[in-house]
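A quick write-up on the structure given underneath.
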Amino acid sequence: MRYAIMADIHANLNALEVVLDDVERTGGAEEIWCLGDIVGYGANPGECILLLRQYKMVCVAGNHDLAAIGKIDTTDFNPMASRAARWTTEHLSGEEAEYLKNLPLIETKGDFTLLHGSPNDPIWEYITTLEDAKKNFTHFNTRYCLVGHTHVPAAFGLGKYGAGYGCGFLSGREFKLVDNRLIINPGGVGQPRDGDPRASYAIYDSQTNTIQLRRVDYDIAEAQKRIKQANLPLSLATRLSEGW
Ligand code: ZN
């Protein structure tokens, strides 16, 4: 079985559409595992929710999803993010908001725990470094944990020799699930922050026991145009072509 792992779509419909096309083109997926932040920053929050809901999907809430429906307040957001959160709140239908309201913070699928930030703090904590990862292995019970939030693809392993950075999680390469335990981030679909502006997601193949990171080109100019037309902060548009 194949599973498409996506995080941080951030209302970027252009990116989401090409990622879903890429999933189909490469053999389809039994299910989408979505790690939160469907909305916030981008100009098409409702359309992204609508499109994703057409698929069989397991989804957890991210901090931007919760901010858009008023479940968390945005005082900890930077001004750009809180302006985008207010804009998103105003542009969600009642049904779309209801959908976000009902998202759980944590889901479990077999060997995988799915959440947005970290096992220790699913809403706010970023797992950026090996040190961050090390502290988190005691906070989930499954073998693997899938996270988003940083918008940077990464894999941190805890093997018999201790925690080590799982290199090899590069675009197009298959990452064999050999370590005892792993925390894996598929990168961001709608606002990648690793310097590569292409949409980032991953495919887990349970047959081969591998995770493959995929990067796909999408119409960045069109996504930027929509952000400008929506009168969202301009930097939310420019950052898309810079990949940060
Ligand atoms: Zn995010």
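By order of appearance in the structure tokens: chains A, B, ..., then residues from 1 within every chain, and ligands from 1 in the order shown.
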### Task
List all protein, DNA and RNA residues that have an atom no more than 10 Å from any atom of ligand 1, counting only C-alpha atoms and all ligand atoms, and report them as a ChimeraX atom specification.
/A:7-10,35-41,62-65,116-117,148-151,187-193
With DSSP run on the backbone, what are the helix (DSSP H, G or I) residues within stretch 30-123 of chain A? I'd like them as a PDB file with N, CA and C atoms, in the first residue's frame.
```
ATOM      1  N   PRO A  45      -7.842  28.924   1.067  1.00  0.00           N
ATOM      2  CA  PRO A  45      -8.063  27.981   2.179  1.00  0.00           C
ATOM      3  C   PRO A  45      -9.250  27.056   1.948  1.00  0.00           C
ATOM      4  N   GLY A  46     -10.394  27.626   1.560  1.00  0.00           N
ATOM      5  CA  GLY A  46     -11.601  26.820   1.376  1.00  0.00           C
ATOM      6  C   GLY A  46     -11.433  25.790   0.277  1.00  0.00           C
ATOM      7  N   GLU A  47     -10.829  26.208  -0.828  1.00  0.00           N
ATOM      8  CA  GLU A  47     -10.633  25.308  -1.970  1.00  0.00           C
ATOM      9  C   GLU A  47      -9.718  24.142  -1.599  1.00  0.00           C
ATOM     10  N   CYS A  48      -8.711  24.420  -0.790  1.00  0.00           N
ATOM     11  CA  CYS A  48      -7.800  23.335  -0.375  1.00  0.00           C
ATOM     12  C   CYS A  48      -8.525  22.323   0.510  1.00  0.00           C
ATOM     13  N   ILE A  49      -9.342  22.812   1.441  1.00  0.00           N
ATOM     14  CA  ILE A  49     -10.106  21.906   2.308  1.00  0.00           C
ATOM     15  C   ILE A  49     -11.039  21.046   1.456  1.00  0.00           C
ATOM     16  N   LEU A  50     -11.737  21.716   0.544  1.00  0.00           N
ATOM     17  CA  LEU A  50     -12.703  21.030  -0.320  1.00  0.00           C
ATOM     18  C   LEU A  50     -12.043  19.943  -1.155  1.00  0.00           C
ATOM     19  N   LEU A  51     -10.909  20.284  -1.755  1.00  0.00           N
ATOM     20  CA  LEU A  51     -10.202  19.331  -2.610  1.00  0.00           C
ATOM     21  C   LEU A  51      -9.703  18.126  -1.800  1.00  0.00           C
ATOM     22  N   LEU A  52      -9.098  18.394  -0.656  1.00  0.00           N
ATOM     23  CA  LEU A  52      -8.566  17.302   0.163  1.00  0.00           C
ATOM     24  C   LEU A  52      -9.655  16.365   0.651  1.00  0.00           C
ATOM     25  N   ASN A  63      -1.101  24.541  13.892  1.00  0.00           N
ATOM     26  CA  ASN A  63      -1.345  25.800  14.594  1.00  0.00           C
ATOM     27  C   ASN A  63      -2.117  26.814  13.742  1.00  0.00           C
ATOM     28  N   HIS A  64      -1.870  26.832  12.443  1.00  0.00           N
ATOM     29  CA  HIS A  64      -2.587  27.795  11.585  1.00  0.00           C
ATOM     30  C   HIS A  64      -4.050  27.400  11.386  1.00  0.00           C
ATOM     31  N   ASP A  65      -4.328  26.096  11.377  1.00  0.00           N
ATOM     32  CA  ASP A  65      -5.725  25.652  11.295  1.00  0.00           C
ATOM     33  C   ASP A  65      -6.478  26.112  12.547  1.00  0.00           C
ATOM     34  N   LEU A  66      -5.823  25.952  13.693  1.00  0.00           N
ATOM     35  CA  LEU A  66      -6.459  26.303  14.961  1.00  0.00           C
ATOM     36  C   LEU A  66      -6.608  27.810  15.117  1.00  0.00           C
ATOM     37  N   ALA A  67      -5.628  28.560  14.596  1.00  0.00           N
ATOM     38  CA  ALA A  67      -5.709  30.025  14.655  1.00  0.00           C
ATOM     39  C   ALA A  67      -6.866  30.529  13.795  1.00  0.00           C
ATOM     40  N   ALA A  68      -7.064  29.900  12.650  1.00  0.00           N
ATOM     41  CA  ALA A  68      -8.109  30.352  11.720  1.00  0.00           C
ATOM     42  C   ALA A  68      -9.511  30.187  12.300  1.00  0.00           C
ATOM     43  N   THR A  74      -3.479  34.396  18.347  1.00  0.00           N
ATOM     44  CA  THR A  74      -2.348  34.588  17.442  1.00  0.00           C
ATOM     45  C   THR A  74      -1.311  35.559  18.003  1.00  0.00           C
ATOM     46  N   THR A  75      -1.313  35.752  19.328  1.00  0.00           N
ATOM     47  CA  THR A  75      -0.343  36.688  19.890  1.00  0.00           C
ATOM     48  C   THR A  75       1.102  36.189  19.714  1.00  0.00           C
ATOM     49  N   ASP A  76       1.252  34.862  19.601  1.00  0.00           N
ATOM     50  CA  ASP A  76       2.595  34.321  19.385  1.00  0.00           C
ATOM     51  C   ASP A  76       2.977  34.286  17.907  1.00  0.00           C
ATOM     52  N   PRO A  79       3.524  39.334  12.913  1.00  0.00           N
ATOM     53  CA  PRO A  79       2.431  40.171  12.392  1.00  0.00           C
ATOM     54  C   PRO A  79       1.890  39.684  11.048  1.00  0.00           C
ATOM     55  N   MET A  80       2.801  39.206  10.197  1.00  0.00           N
ATOM     56  CA  MET A  80       2.413  38.717   8.875  1.00  0.00           C
ATOM     57  C   MET A  80       1.494  37.490   8.999  1.00  0.00           C
ATOM     58  N   ALA A  81       1.870  36.583   9.898  1.00  0.00           N
ATOM     59  CA  ALA A  81       1.088  35.355  10.091  1.00  0.00           C
ATOM     60  C   ALA A  81      -0.263  35.654  10.728  1.00  0.00           C
ATOM     61  N   SER A  82      -0.296  36.595  11.663  1.00  0.00           N
ATOM     62  CA  SER A  82      -1.586  36.862  12.310  1.00  0.00           C
ATOM     63  C   SER A  82      -2.518  37.614  11.363  1.00  0.00           C
ATOM     64  N   ARG A  83      -1.950  38.470  10.495  1.00  0.00           N
ATOM     65  CA  ARG A  83      -2.806  39.124   9.494  1.00  0.00           C
ATOM     66  C   ARG A  83      -3.398  38.067   8.548  1.00  0.00           C
ATOM     67  N   ALA A  84      -2.573  37.126   8.150  1.00  0.00           N
ATOM     68  CA  ALA A  84      -3.047  36.051   7.270  1.00  0.00           C
ATOM     69  C   ALA A  84      -4.095  35.187   7.981  1.00  0.00           C
ATOM     70  N   ALA A  85      -3.909  34.964   9.286  1.00  0.00           N
ATOM     71  CA  ALA A  85      -4.875  34.158  10.044  1.00  0.00           C
ATOM     72  C   ALA A  85      -6.226  34.864  10.101  1.00  0.00           C
ATOM     73  N   ARG A  86      -6.201  36.179  10.326  1.00  0.00           N
ATOM     74  CA  ARG A  86      -7.471  36.939  10.361  1.00  0.00           C
ATOM     75  C   ARG A  86      -8.155  36.881   8.996  1.00  0.00           C
ATOM     76  N   TRP A  87      -7.353  37.043   7.945  1.00  0.00           N
ATOM     77  CA  TRP A  87      -7.901  36.982   6.575  1.00  0.00           C
ATOM     78  C   TRP A  87      -8.543  35.608   6.340  1.00  0.00           C
ATOM     79  N   THR A  88      -7.850  34.558   6.784  1.00  0.00           N
ATOM     80  CA  THR A  88      -8.357  33.195   6.580  1.00  0.00           C
ATOM     81  C   THR A  88      -9.694  33.004   7.304  1.00  0.00           C
ATOM     82  N   THR A  89      -9.766  33.465   8.561  1.00  0.00           N
ATOM     83  CA  THR A  89     -11.015  33.354   9.334  1.00  0.00           C
ATOM     84  C   THR A  89     -12.179  33.963   8.555  1.00  0.00           C
ATOM     85  N   GLU A  90     -11.917  35.127   7.953  1.00  0.00           N
ATOM     86  CA  GLU A  90     -12.984  35.829   7.222  1.00  0.00           C
ATOM     87  C   GLU A  90     -13.374  35.117   5.924  1.00  0.00           C
ATOM     88  N   GLY A  94     -18.835  28.360   6.967  1.00  0.00           N
ATOM     89  CA  GLY A  94     -19.155  27.719   8.238  1.00  0.00           C
ATOM     90  C   GLY A  94     -18.764  26.246   8.234  1.00  0.00           C
ATOM     91  N   GLU A  95     -18.998  25.599   7.103  1.00  0.00           N
ATOM     92  CA  GLU A  95     -18.708  24.172   7.005  1.00  0.00           C
ATOM     93  C   GLU A  95     -17.196  23.901   7.004  1.00  0.00           C
ATOM     94  N   GLU A  96     -16.457  24.773   6.321  1.00  0.00           N
ATOM     95  CA  GLU A  96     -14.992  24.614   6.288  1.00  0.00           C
ATOM     96  C   GLU A  96     -14.399  24.819   7.684  1.00  0.00           C
ATOM     97  N   ALA A  97     -14.917  25.828   8.384  1.00  0.00           N
ATOM     98  CA  ALA A  97     -14.446  26.083   9.754  1.00  0.00           C
ATOM     99  C   ALA A  97     -14.781  24.898  10.655  1.00  0.00           C
ATOM    100  N   GLU A  98     -15.973  24.353  10.466  1.00  0.00           N
ATOM    101  CA  GLU A  98     -16.413  23.201  11.249  1.00  0.00           C
ATOM    102  C   GLU A  98     -15.476  22.003  11.023  1.00  0.00           C
ATOM    103  N   TYR A  99     -15.089  21.825   9.779  1.00  0.00           N
ATOM    104  CA  TYR A  99     -14.171  20.726   9.454  1.00  0.00           C
ATOM    105  C   TYR A  99     -12.859  20.881  10.241  1.00  0.00           C
ATOM    106  N   LEU A 100     -12.298  22.100  10.231  1.00  0.00           N
ATOM    107  CA  LEU A 100     -11.038  22.341  10.953  1.00  0.00           C
ATOM    108  C   LEU A 100     -11.227  22.137  12.461  1.00  0.00           C
ATOM    109  N   LYS A 101     -12.391  22.555  12.953  1.00  0.00           N
ATOM    110  CA  LYS A 101     -12.682  22.433  14.389  1.00  0.00           C
ATOM    111  C   LYS A 101     -12.634  20.991  14.860  1.00  0.00           C
TER     112      LYS A 101
END
```
### Selection near stretch 154-160 of chain A, 12 Å with only C-alpha atoms, sequence-local residues under 6 positions removed, as a ChimeraX atom specification
/A:126-138,143-148,166-171,175-188,193-194,200-202,211-213
